[in-house]
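Participant: My file is structure33.cif. It has mmCIF, C-alpha atoms:
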```
data_my_file
#
loop_
_atom_site.label_atom_id
_atom_site.label_comp_id
_atom_site.auth_asym_id
_atom_site.auth_seq_id
_atom_site.Cartn_x
_atom_site.Cartn_y
_atom_site.Cartn_z
CA MET A 34 0.00 0.00 0.00
CA ASN A 35 1.36 3.42 -0.95
CA ASP A 36 1.00 6.82 0.69
CA ALA A 37 -1.28 8.32 -1.96
CA ILE A 38 -4.32 10.34 -0.97
CA ARG A 39 -7.31 9.67 -3.17
CA LYS A 40 -8.43 13.05 -4.49
CA PRO A 41 -12.14 13.81 -5.01
CA ALA A 42 -13.41 13.09 -8.51
CA VAL A 43 -16.87 14.70 -8.36
CA ALA A 44 -16.54 17.65 -5.97
CA GLY A 45 -18.09 20.61 -7.72
CA THR A 46 -20.41 18.43 -9.80
CA PHE A 47 -22.16 15.87 -7.58
CA TYR A 48 -21.81 18.08 -4.50
CA PRO A 49 -20.34 21.53 -3.69
CA ASP A 50 -16.57 21.87 -3.67
CA ASP A 51 -16.75 24.76 -1.21
CA PRO A 52 -16.46 23.26 2.32
CA THR A 53 -18.80 25.78 3.93
CA LEU A 54 -21.50 25.31 1.31
CA LEU A 55 -21.05 21.54 1.42
CA ARG A 56 -21.38 21.30 5.20
CA GLU A 57 -24.40 23.59 5.17
CA MET A 58 -26.05 21.50 2.45
CA VAL A 59 -25.45 18.21 4.27
CA GLU A 60 -26.64 19.61 7.59
CA ARG A 61 -29.77 21.02 5.96
CA MET A 62 -30.65 17.65 4.46
CA LEU A 63 -29.96 15.85 7.74
CA ASN A 64 -32.17 18.27 9.63
CA ALA A 65 -34.98 17.70 7.15
CA ALA A 66 -34.80 13.90 7.47
CA LYS A 67 -37.48 12.86 9.95
CA VAL A 68 -36.02 9.69 11.37
CA SER A 69 -35.11 8.44 14.83
CA SER A 70 -31.40 8.44 15.63
CA GLU A 71 -31.51 7.16 19.21
CA LEU A 72 -29.82 3.82 18.56
CA PRO A 73 -27.31 3.37 15.72
CA PRO A 74 -27.78 0.56 13.20
CA LYS A 75 -25.24 -2.06 12.19
CA ALA A 76 -25.44 -1.02 8.54
CA VAL A 77 -27.16 1.40 6.20
CA VAL A 78 -27.93 1.63 2.50
CA ALA A 79 -27.84 5.03 0.82
CA PRO A 80 -28.01 6.34 -2.78
CA HIS A 81 -25.11 8.03 -4.54
CA ALA A 82 -26.35 10.43 -7.22
CA GLY A 83 -25.80 14.16 -7.23
CA TYR A 84 -26.91 15.64 -3.94
CA ILE A 85 -29.75 17.67 -5.46
CA TYR A 86 -31.25 14.39 -6.66
CA SER A 87 -30.49 11.78 -4.01
CA GLY A 88 -29.14 13.71 -1.03
CA PRO A 89 -32.49 14.12 0.75
CA PHE A 90 -32.93 10.33 0.71
CA ALA A 91 -29.32 9.57 1.71
CA ALA A 92 -29.78 11.86 4.71
CA TYR A 93 -32.30 9.44 6.22
CA ALA A 94 -29.72 6.66 6.30
CA PHE A 95 -26.85 8.75 7.61
CA LYS A 96 -28.89 10.51 10.28
CA THR A 97 -29.28 7.14 12.04
CA LEU A 98 -25.50 7.14 12.60
CA LEU A 99 -25.48 10.37 14.63
CA PRO A 100 -25.26 8.51 17.99
CA LEU A 101 -21.81 7.31 16.87
CA PHE A 102 -20.37 10.82 16.61
CA GLY A 103 -16.99 10.76 18.33
CA ALA A 104 -16.90 6.95 18.58
CA GLU A 105 -14.37 6.74 15.71
CA PRO A 106 -15.81 3.60 14.10
CA THR A 107 -14.38 1.74 11.15
CA VAL A 108 -16.74 2.03 8.20
CA PHE A 109 -16.79 -0.69 5.56
CA LEU A 110 -17.87 1.34 2.52
CA LEU A 111 -19.26 -0.85 -0.28
CA GLY A 112 -20.33 0.33 -3.71
CA PRO A 113 -20.18 -0.40 -7.44
CA ALA A 114 -17.38 0.47 -9.85
CA HIS A 115 -19.20 2.22 -12.69
CA PHE A 116 -16.29 3.10 -14.97
CA VAL A 117 -13.58 0.43 -14.83
CA ALA A 118 -14.53 -3.19 -15.51
CA PHE A 119 -12.75 -5.82 -13.43
CA ASN A 120 -13.30 -9.05 -11.56
CA GLY A 121 -13.41 -8.97 -7.79
CA VAL A 122 -13.59 -6.31 -5.09
CA SER A 123 -10.94 -3.61 -4.87
CA THR A 124 -9.72 -1.73 -1.80
CA GLY A 125 -7.32 0.49 -3.74
CA ARG A 126 -3.87 1.39 -2.44
CA PHE A 127 -4.74 4.72 -0.83
CA THR A 128 -3.97 5.59 2.77
CA ALA A 129 -6.59 8.36 2.88
CA TRP A 130 -9.45 9.87 0.88
CA GLU A 131 -9.93 13.62 0.57
CA THR A 132 -13.16 15.61 0.34
CA PRO A 133 -13.72 19.38 0.67
CA LEU A 134 -14.45 18.68 4.36
CA GLY A 135 -11.00 17.19 4.98
CA ILE A 136 -9.07 13.94 5.03
CA VAL A 137 -10.64 10.56 5.81
CA PRO A 138 -8.02 7.97 6.81
CA VAL A 139 -8.13 4.48 5.41
CA ALA A 140 -8.02 1.74 8.04
CA VAL A 141 -4.82 0.35 6.56
CA ASP A 142 -4.59 -2.47 9.07
CA ARG A 143 -8.15 -3.58 8.36
CA VAL A 144 -7.60 -3.31 4.59
CA ARG A 145 -4.59 -5.58 5.00
CA GLU A 146 -6.80 -8.11 6.80
CA VAL A 147 -9.24 -8.02 3.90
CA LEU A 148 -6.51 -8.42 1.29
CA ASN A 149 -5.07 -11.35 3.24
CA LEU A 150 -8.36 -13.16 2.59
CA GLY A 151 -7.23 -13.53 -1.02
CA TYR A 152 -9.51 -13.64 -4.04
CA PRO A 153 -11.82 -11.86 -4.79
CA PHE A 154 -10.10 -8.98 -2.97
CA THR A 155 -7.53 -6.87 -4.78
CA ASP A 156 -5.80 -3.54 -4.23
CA VAL A 157 -5.85 -2.18 -7.77
CA SER A 158 -6.57 1.54 -7.52
CA GLU A 159 -7.76 2.22 -11.07
CA PRO A 160 -11.47 1.41 -10.46
CA LEU A 161 -11.61 3.81 -7.50
CA ILE A 162 -9.94 6.86 -9.05
CA PRO A 163 -12.93 8.07 -11.16
CA GLU A 164 -15.62 6.40 -9.04
CA HIS A 165 -18.31 8.49 -7.34
CA SER A 166 -20.28 5.77 -5.53
CA LEU A 167 -18.01 5.69 -2.47
CA GLU A 168 -16.89 9.31 -2.60
CA VAL A 169 -20.31 10.93 -2.33
CA GLU A 170 -21.07 9.13 0.93
CA LEU A 171 -18.00 10.56 2.67
CA PRO A 172 -19.21 14.13 3.36
CA PHE A 173 -22.34 12.74 5.04
CA LEU A 174 -20.16 10.46 7.15
CA GLN A 175 -17.81 13.32 8.00
CA VAL A 176 -20.69 15.39 9.32
CA VAL A 177 -22.46 12.64 11.29
CA LEU A 178 -19.41 10.78 12.64
CA GLY A 179 -16.72 13.41 12.88
CA SER A 180 -13.73 11.08 13.07
CA PHE A 181 -13.74 7.61 11.47
CA ARG A 182 -11.70 5.30 9.26
CA ILE A 183 -12.83 3.53 6.11
CA VAL A 184 -12.33 0.22 4.39
CA PRO A 185 -13.25 1.14 0.80
CA LEU A 186 -14.61 -1.75 -1.26
CA ALA A 187 -15.42 -1.14 -4.93
CA PHE A 188 -17.30 -4.04 -6.52
CA GLY A 189 -16.64 -5.37 -9.98
CA ILE A 190 -17.94 -8.70 -11.27
CA VAL A 191 -18.06 -11.02 -8.27
CA ASN A 192 -20.15 -13.52 -6.33
CA PRO A 193 -21.62 -11.52 -3.42
CA ILE A 194 -22.30 -14.62 -1.33
CA GLY A 195 -18.63 -15.51 -1.38
CA VAL A 196 -17.65 -11.94 -0.53
CA ALA A 197 -20.04 -11.94 2.43
CA GLN A 198 -18.66 -15.23 3.77
CA LYS A 199 -15.14 -13.83 3.75
CA LEU A 200 -16.03 -10.44 5.22
CA LEU A 201 -17.80 -12.15 8.11
CA GLY A 202 -14.37 -13.32 9.20
CA VAL A 203 -12.96 -9.80 9.56
CA LEU A 204 -15.92 -7.73 10.76
CA ARG A 205 -15.72 -6.65 14.40
CA GLU A 206 -18.16 -5.32 16.96
CA GLY A 207 -18.55 -1.60 16.40
CA ASP A 208 -17.82 -1.69 12.68
CA ILE A 209 -20.41 -0.06 10.42
CA ILE A 210 -21.30 -1.17 6.91
CA VAL A 211 -22.42 1.46 4.41
CA VAL A 212 -23.71 0.24 1.04
CA SER A 213 -23.93 2.76 -1.77
CA THR A 214 -26.52 2.01 -4.45
CA ASP A 215 -29.22 3.58 -6.56
CA LEU A 216 -32.23 1.59 -7.74
CA SER A 217 -33.76 1.51 -11.23
CA HIS A 218 -32.47 3.88 -13.91
CA TYR A 219 -34.20 5.99 -16.57
CA TYR A 220 -37.73 4.61 -16.60
CA PRO A 221 -40.86 6.76 -16.44
CA ASP A 222 -41.66 7.44 -12.81
CA PRO A 223 -44.62 5.00 -12.44
CA VAL A 224 -42.61 2.16 -13.99
CA ALA A 225 -39.60 2.87 -11.79
CA ARG A 226 -41.72 2.82 -8.64
CA LYS A 227 -43.13 -0.62 -9.48
CA LEU A 228 -39.69 -2.04 -10.22
CA ASP A 229 -38.20 -0.53 -7.10
CA ALA A 230 -41.04 -1.76 -4.90
CA GLU A 231 -40.21 -5.34 -5.89
CA THR A 232 -36.50 -4.77 -5.31
CA LEU A 233 -37.18 -3.36 -1.86
CA LYS A 234 -39.51 -6.25 -1.01
CA ILE A 235 -36.64 -8.62 -1.80
CA ALA A 236 -34.12 -6.55 0.14
CA LEU A 237 -36.34 -6.40 3.21
CA ARG A 238 -36.32 -10.16 3.49
CA ASN A 239 -32.50 -10.34 3.08
CA ASP A 240 -32.84 -12.44 -0.07
CA ALA A 241 -29.30 -11.93 -1.31
CA GLU A 242 -29.64 -14.29 -4.25
CA ALA A 243 -32.74 -12.57 -5.65
CA LEU A 244 -31.26 -9.13 -4.98
CA MET A 245 -28.31 -10.02 -7.22
CA GLU A 246 -30.72 -10.17 -10.16
CA ARG A 247 -32.47 -6.84 -9.55
CA GLU A 248 -31.92 -3.54 -11.32
CA ALA A 249 -29.74 -1.63 -8.88
CA CYS A 250 -26.26 -0.49 -9.83
CA GLY A 251 -24.89 -1.50 -6.43
CA ARG A 252 -26.70 -4.83 -6.36
CA TYR A 253 -23.54 -6.90 -5.73
CA ALA A 254 -22.57 -4.73 -2.75
CA TRP A 255 -26.16 -4.74 -1.51
CA ALA A 256 -26.47 -8.51 -1.90
CA THR A 257 -23.25 -8.88 0.09
CA LEU A 258 -24.84 -6.90 2.92
CA ALA A 259 -28.03 -8.95 2.64
CA ALA A 260 -26.04 -12.18 3.02
CA ILE A 261 -24.14 -10.78 6.01
CA ALA A 262 -27.38 -9.55 7.58
CA ARG A 263 -29.01 -12.94 7.09
CA GLU A 264 -26.10 -14.66 8.79
CA MET A 265 -25.93 -12.13 11.63
CA GLY A 266 -29.66 -11.86 12.19
CA TRP A 267 -29.89 -8.19 11.24
CA THR A 268 -33.29 -6.83 10.29
CA PRO A 269 -33.57 -4.24 7.48
CA THR A 270 -36.00 -1.32 7.72
CA LEU A 271 -36.93 1.02 4.89
CA LEU A 272 -36.46 4.63 5.99
CA ALA A 273 -37.23 6.52 2.79
CA TYR A 274 -37.90 5.90 -0.88
CA GLY A 275 -38.42 8.16 -3.85
CA THR A 276 -37.18 8.99 -7.31
CA SER A 277 -35.39 11.89 -8.93
CA ALA A 278 -38.84 13.17 -9.96
CA ASP A 279 -39.42 13.97 -6.27
CA THR A 280 -36.35 16.19 -6.08
CA ALA A 281 -34.94 17.70 -9.26
CA GLY A 282 -35.53 15.32 -12.15
CA ASP A 283 -37.65 14.70 -15.24
CA PRO A 284 -40.56 12.34 -14.39
CA ASP A 285 -40.23 10.69 -17.79
CA SER A 286 -36.74 9.37 -16.98
CA VAL A 287 -35.98 8.84 -13.32
CA VAL A 288 -33.56 7.11 -10.99
CA GLY A 289 -34.86 5.41 -7.84
CA TYR A 290 -33.37 6.06 -4.40
CA ALA A 291 -33.83 4.32 -1.06
CA ALA A 292 -32.45 4.57 2.45
CA LEU A 293 -32.41 1.54 4.74
CA ARG A 294 -31.02 0.64 8.14
CA TYR A 295 -30.07 -2.81 9.44
CA ASP A 296 -30.41 -3.62 13.13
CA ALA A 297 -29.48 -6.58 15.29
CA LEU A 298 -32.47 -8.42 16.69
CA THR A 299 -33.08 -7.71 20.35
CA LEU A 300 -34.89 -10.03 22.71
#
```
How does the structure come out when it is put into structure tokens?

Facilitator:
Amino acid sequence: MNDAIRKPAVAGTFYPDDPTLLREMVERMLNAAKVSSELPPKAVVAPHAGYIYSGPFAAYAFKTLLPLFGAEPTVFLLGPAHFVAFNGVSTGRFTAWETPLGIVPVAVDRVREVLNLGYPFTDVSEPLIPEHSLEVELPFLQVVLGSFRIVPLAFGIVNPIGVAQKLLGVLREGDIIVVSTDLSHYYPDPVARKLDAETLKIALRNDAEALMEREACGRYAWATLAAIAREMGWTPTLLAYGTSADTAGDPDSVVGYAALRYDALTL
């Protein structure tokens, strides 16, 4: 692993590159999200489009992590690689990621544990350099957590069930999983809502195998979480759902967005 800092690829396009404006925008969306944040979840799912489109939905997921502010958790950040095709799951070789809000350290020791698991994990950096799916979640995490470390995991072509089985061996109490995914893409709004309703029904029963076949760009990362949740007994809850037509988009061609939390069963 080298000493490179991963520079932001979509600051100024997907979200403001001015730190004051960015923090104000994130805080405004968090304040508008009407969701309980008394007990933190084990994992969340959040969308990753431009903030004007998906940010209000992402805020629901990240607001649930507010009780962890100052706890300095390790966040396993899972999302799709949109631009570079490859087999496996890549951590990259970065020691930190930068956003306009500052530097987020990579949990280098935990990344080494993941890489020691062998295939399908790799440290090739190329898929992560242009990728927005992990980057856009970081400013939300910076605001709600303050200090934290990440294990970045960009998904290429891979079997999510196998990934989940291996990650179960390195996850620790106090770790948080964040999955970055949008839902259906570019259908008329009524069609998208029907497709997404079925996807969410599958996700809410932790059916990892069926989720792998759904139309969500982060489906492999999401299916990995579903398999982990099934093994760990975590229960998913839908916090918010909508499409880009609800925020800033054309209703004739929308992208679907959802926020979910995953909680351990309590007796």

Participant: If the PyMOL selection byres ((chain A and resi 183-197) around 9) is run on the structure shown, which residues does it catch, given as a PDB file with C-alpha atoms, keeping the file's coordinate frame?

Facilitator:
```pdb
ATOM      1  CA  PRO A 106     -15.810   3.600  14.100  1.00  0.00           C
ATOM      2  CA  THR A 107     -14.380   1.740  11.150  1.00  0.00           C
ATOM      3  CA  VAL A 108     -16.740   2.030   8.200  1.00  0.00           C
ATOM      4  CA  PHE A 109     -16.790  -0.690   5.560  1.00  0.00           C
ATOM      5  CA  LEU A 110     -17.870   1.340   2.520  1.00  0.00           C
ATOM      6  CA  LEU A 111     -19.260  -0.850  -0.280  1.00  0.00           C
ATOM      7  CA  GLY A 112     -20.330   0.330  -3.710  1.00  0.00           C
ATOM      8  CA  PRO A 113     -20.180  -0.400  -7.440  1.00  0.00           C
ATOM      9  CA  ALA A 114     -17.380   0.470  -9.850  1.00  0.00           C
ATOM     10  CA  HIS A 115     -19.200   2.220 -12.690  1.00  0.00           C
ATOM     11  CA  VAL A 117     -13.580   0.430 -14.830  1.00  0.00           C
ATOM     12  CA  ALA A 118     -14.530  -3.190 -15.510  1.00  0.00           C
ATOM     13  CA  PHE A 119     -12.750  -5.820 -13.430  1.00  0.00           C
ATOM     14  CA  ASN A 120     -13.300  -9.050 -11.560  1.00  0.00           C
ATOM     15  CA  GLY A 121     -13.410  -8.970  -7.790  1.00  0.00           C
ATOM     16  CA  VAL A 122     -13.590  -6.310  -5.090  1.00  0.00           C
ATOM     17  CA  SER A 123     -10.940  -3.610  -4.870  1.00  0.00           C
ATOM     18  CA  THR A 124      -9.720  -1.730  -1.800  1.00  0.00           C
ATOM     19  CA  GLY A 125      -7.320   0.490  -3.740  1.00  0.00           C
ATOM     20  CA  ALA A 129      -6.590   8.360   2.880  1.00  0.00           C
ATOM     21  CA  TRP A 130      -9.450   9.870   0.880  1.00  0.00           C
ATOM     22  CA  VAL A 137     -10.640  10.560   5.810  1.00  0.00           C
ATOM     23  CA  PRO A 138      -8.020   7.970   6.810  1.00  0.00           C
ATOM     24  CA  VAL A 139      -8.130   4.480   5.410  1.00  0.00           C
ATOM     25  CA  ALA A 140      -8.020   1.740   8.040  1.00  0.00           C
ATOM     26  CA  VAL A 141      -4.820   0.350   6.560  1.00  0.00           C
ATOM     27  CA  ARG A 143      -8.150  -3.580   8.360  1.00  0.00           C
ATOM     28  CA  VAL A 144      -7.600  -3.310   4.590  1.00  0.00           C
ATOM     29  CA  VAL A 147      -9.240  -8.020   3.900  1.00  0.00           C
ATOM     30  CA  PRO A 153     -11.820 -11.860  -4.790  1.00  0.00           C
ATOM     31  CA  PHE A 154     -10.100  -8.980  -2.970  1.00  0.00           C
ATOM     32  CA  PRO A 160     -11.470   1.410 -10.460  1.00  0.00           C
ATOM     33  CA  LEU A 161     -11.610   3.810  -7.500  1.00  0.00           C
ATOM     34  CA  GLU A 164     -15.620   6.400  -9.040  1.00  0.00           C
ATOM     35  CA  SER A 166     -20.280   5.770  -5.530  1.00  0.00           C
ATOM     36  CA  LEU A 167     -18.010   5.690  -2.470  1.00  0.00           C
ATOM     37  CA  PHE A 181     -13.740   7.610  11.470  1.00  0.00           C
ATOM     38  CA  ARG A 182     -11.700   5.300   9.260  1.00  0.00           C
ATOM     39  CA  GLN A 198     -18.660 -15.230   3.770  1.00  0.00           C
ATOM     40  CA  LYS A 199     -15.140 -13.830   3.750  1.00  0.00           C
ATOM     41  CA  LEU A 200     -16.030 -10.440   5.220  1.00  0.00           C
ATOM     42  CA  LEU A 201     -17.800 -12.150   8.110  1.00  0.00           C
ATOM     43  CA  GLY A 202     -14.370 -13.320   9.200  1.00  0.00           C
ATOM     44  CA  ALA A 241     -29.300 -11.930  -1.310  1.00  0.00           C
ATOM     45  CA  GLU A 242     -29.640 -14.290  -4.250  1.00  0.00           C
ATOM     46  CA  MET A 245     -28.310 -10.020  -7.220  1.00  0.00           C
ATOM     47  CA  GLY A 251     -24.890  -1.500  -6.430  1.00  0.00           C
ATOM     48  CA  ARG A 252     -26.700  -4.830  -6.360  1.00  0.00           C
ATOM     49  CA  TYR A 253     -23.540  -6.900  -5.730  1.00  0.00           C
ATOM     50  CA  ALA A 254     -22.570  -4.730  -2.750  1.00  0.00           C
ATOM     51  CA  TRP A 255     -26.160  -4.740  -1.510  1.00  0.00           C
ATOM     52  CA  ALA A 256     -26.470  -8.510  -1.900  1.00  0.00           C
ATOM     53  CA  THR A 257     -23.250  -8.880   0.090  1.00  0.00           C
ATOM     54  CA  LEU A 258     -24.840  -6.900   2.920  1.00  0.00           C
ATOM     55  CA  ALA A 259     -28.030  -8.950   2.640  1.00  0.00           C
ATOM     56  CA  ALA A 260     -26.040 -12.180   3.020  1.00  0.00           C
ATOM     57  CA  ILE A 261     -24.140 -10.780   6.010  1.00  0.00           C
TER      58      ILE A 261
END
```

Participant: Excluding same-chain residues fewer than 5 positions from Ala94 in chain A, what lies within 7 Å of it counting only C-alpha atoms, as a list in words?

Facilitator: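 The neighbour list is Val77, Val78, Ala79, Ala292, Leu293 and Arg294 of chain A.
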
Participant: Okay, now the selection with C-alpha atoms, as a PDB file, in the frame of the given file?

Facilitator:
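Output saved as out09.pdb:
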```pdb
ATOM      1  CA  VAL A  77     -27.160   1.400   6.200  1.00  0.00           C
ATOM      2  CA  VAL A  78     -27.930   1.630   2.500  1.00  0.00           C
ATOM      3  CA  ALA A  79     -27.840   5.030   0.820  1.00  0.00           C
ATOM      4  CA  ALA A 292     -32.450   4.570   2.450  1.00  0.00           C
ATOM      5  CA  LEU A 293     -32.410   1.540   4.740  1.00  0.00           C
ATOM      6  CA  ARG A 294     -31.020   0.640   8.140  1.00  0.00           C
TER       7      ARG A 294
END
```

Participant: What does the PyMOL selection byres ((chain A and resi 206) around 10) select in this file, as a list in words?

Facilitator: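 For this structure, the PyMOL selection byres ((chain A and resi 206) around 10) resolves to Lys75, Pro106, Thr107, Leu204, Arg205, Gly207, Asp208 and Ile209 of chain A.
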
Participant: Quick one: distance from CA of Tyr219 in chain A to CA of Ala66 in chain A in Å, one decimal?

Facilitator: 25.3 Å

Participant: Quick one: apply the PyMOL selection byres ((chain A and resi 220-228) around 12) to the file and drop the selected residues here as a short mmCIF file (atom, residue, chain, number, x, y, z; two decimals) with C-alpha atoms, keeping the file's coordinate frame.

Facilitator:
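As written to disk, part-v8.cif reads:
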```
data_model
loop_
_atom_site.label_atom_id
_atom_site.label_comp_id
_atom_site.auth_asym_id
_atom_site.auth_seq_id
_atom_site.Cartn_x
_atom_site.Cartn_y
_atom_site.Cartn_z
CA ASP A 215 -29.22 3.58 -6.56
CA LEU A 216 -32.23 1.59 -7.74
CA SER A 217 -33.76 1.51 -11.23
CA HIS A 218 -32.47 3.88 -13.91
CA TYR A 219 -34.20 5.99 -16.57
CA ASP A 229 -38.20 -0.53 -7.10
CA ALA A 230 -41.04 -1.76 -4.90
CA GLU A 231 -40.21 -5.34 -5.89
CA THR A 232 -36.50 -4.77 -5.31
CA LEU A 233 -37.18 -3.36 -1.86
CA LYS A 234 -39.51 -6.25 -1.01
CA ILE A 235 -36.64 -8.62 -1.80
CA ARG A 247 -32.47 -6.84 -9.55
CA GLU A 248 -31.92 -3.54 -11.32
CA ALA A 249 -29.74 -1.63 -8.88
CA TYR A 274 -37.90 5.90 -0.88
CA GLY A 275 -38.42 8.16 -3.85
CA THR A 276 -37.18 8.99 -7.31
CA SER A 277 -35.39 11.89 -8.93
CA ALA A 278 -38.84 13.17 -9.96
CA ASP A 279 -39.42 13.97 -6.27
CA GLY A 282 -35.53 15.32 -12.15
CA ASP A 283 -37.65 14.70 -15.24
CA PRO A 284 -40.56 12.34 -14.39
CA ASP A 285 -40.23 10.69 -17.79
CA SER A 286 -36.74 9.37 -16.98
CA VAL A 287 -35.98 8.84 -13.32
CA VAL A 288 -33.56 7.11 -10.99
CA GLY A 289 -34.86 5.41 -7.84
CA TYR A 290 -33.37 6.06 -4.40
CA ALA A 291 -33.83 4.32 -1.06
#
```

Participant: Nearest to Phe47 in chain A: which of A:Ala92, A:Ala104, A:Ile85, A:Ile210 is it, counting all atoms listed in the file?

Facilitator: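 The answer is A:Ile85, which sits nearest to Phe47 in chain A.
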
Participant: I'd like the neighbourhood of Gly88 in chain A as a ChimeraX atom specification, where a residue qualifies if any of its atoms comes within 10 Å (using all atoms listed in the file), though same-chain residues fewer than 4 positions away should be ignored.

Facilitator: /A:47-48,58-59,62-63,79-84,92-93,169-170,173,280,290

Participant: Near Leu54 in chain A, counting only C-alpha atoms, which residues have an atom at most 12 Å away, once you skip same-chain residues fewer than 4 positions from it, shown as a list in words?

Facilitator: Ala44, Gly45, Tyr48, Pro49, Asp50, Met58, Val59, Glu60, Arg61, Pro133, Leu134 and Pro172 of chain A

Participant: Quick one: pull the distance between CA of Leu237 in chain A and CA of Pro269 in chain A, Å, one decimal.

Facilitator: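 So the answer is 5.5 Å.
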
Participant: Using Å and a single decimal, report how far CA of Val212 in chain A sits from CA of Pro163 in chain A.

Facilitator: 18.1 Å

Participant: Go through A:Leu148, A:Ala65, A:Leu72, A:Ala236 and flag the residue nearest Ala91 in chain A, using only C-alpha atoms for the distances.

Facilitator: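 Ranked by minimum distance to Ala91 in chain A, first place goes to A:Ala65.
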
Participant: Which one of A:Val157, A:Glu131, A:Tyr295, A:Lys96 sits closest to Leu271 in chain A if you count all atoms listed in the file?

Facilitator: A:Tyr295

Participant: Can you pull out the residues contacting Val177 in chain A? Cut-off 8 Å, using only C-alpha atoms, and skip same-chain residues under 4 positions away; I want them as a list in words.

Facilitator: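 Contacts, in chain order: Phe95, Lys96, Leu98, Leu99, Leu101, Phe102 and Phe173 of chain A.
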
Participant: Next, dump the selected residues to file, keeping only C-alpha atoms, as a PDB file, keeping the file's coordinate frame.

Facilitator:
```
ATOM      1  CA  PHE A  95     -26.850   8.750   7.610  1.00  0.00           C
ATOM      2  CA  LYS A  96     -28.890  10.510  10.280  1.00  0.00           C
ATOM      3  CA  LEU A  98     -25.500   7.140  12.600  1.00  0.00           C
ATOM      4  CA  LEU A  99     -25.480  10.370  14.630  1.00  0.00           C
ATOM      5  CA  LEU A 101     -21.810   7.310  16.870  1.00  0.00           C
ATOM      6  CA  PHE A 102     -20.370  10.820  16.610  1.00  0.00           C
ATOM      7  CA  PHE A 173     -22.340  12.740   5.040  1.00  0.00           C
TER       8      PHE A 173
END
```
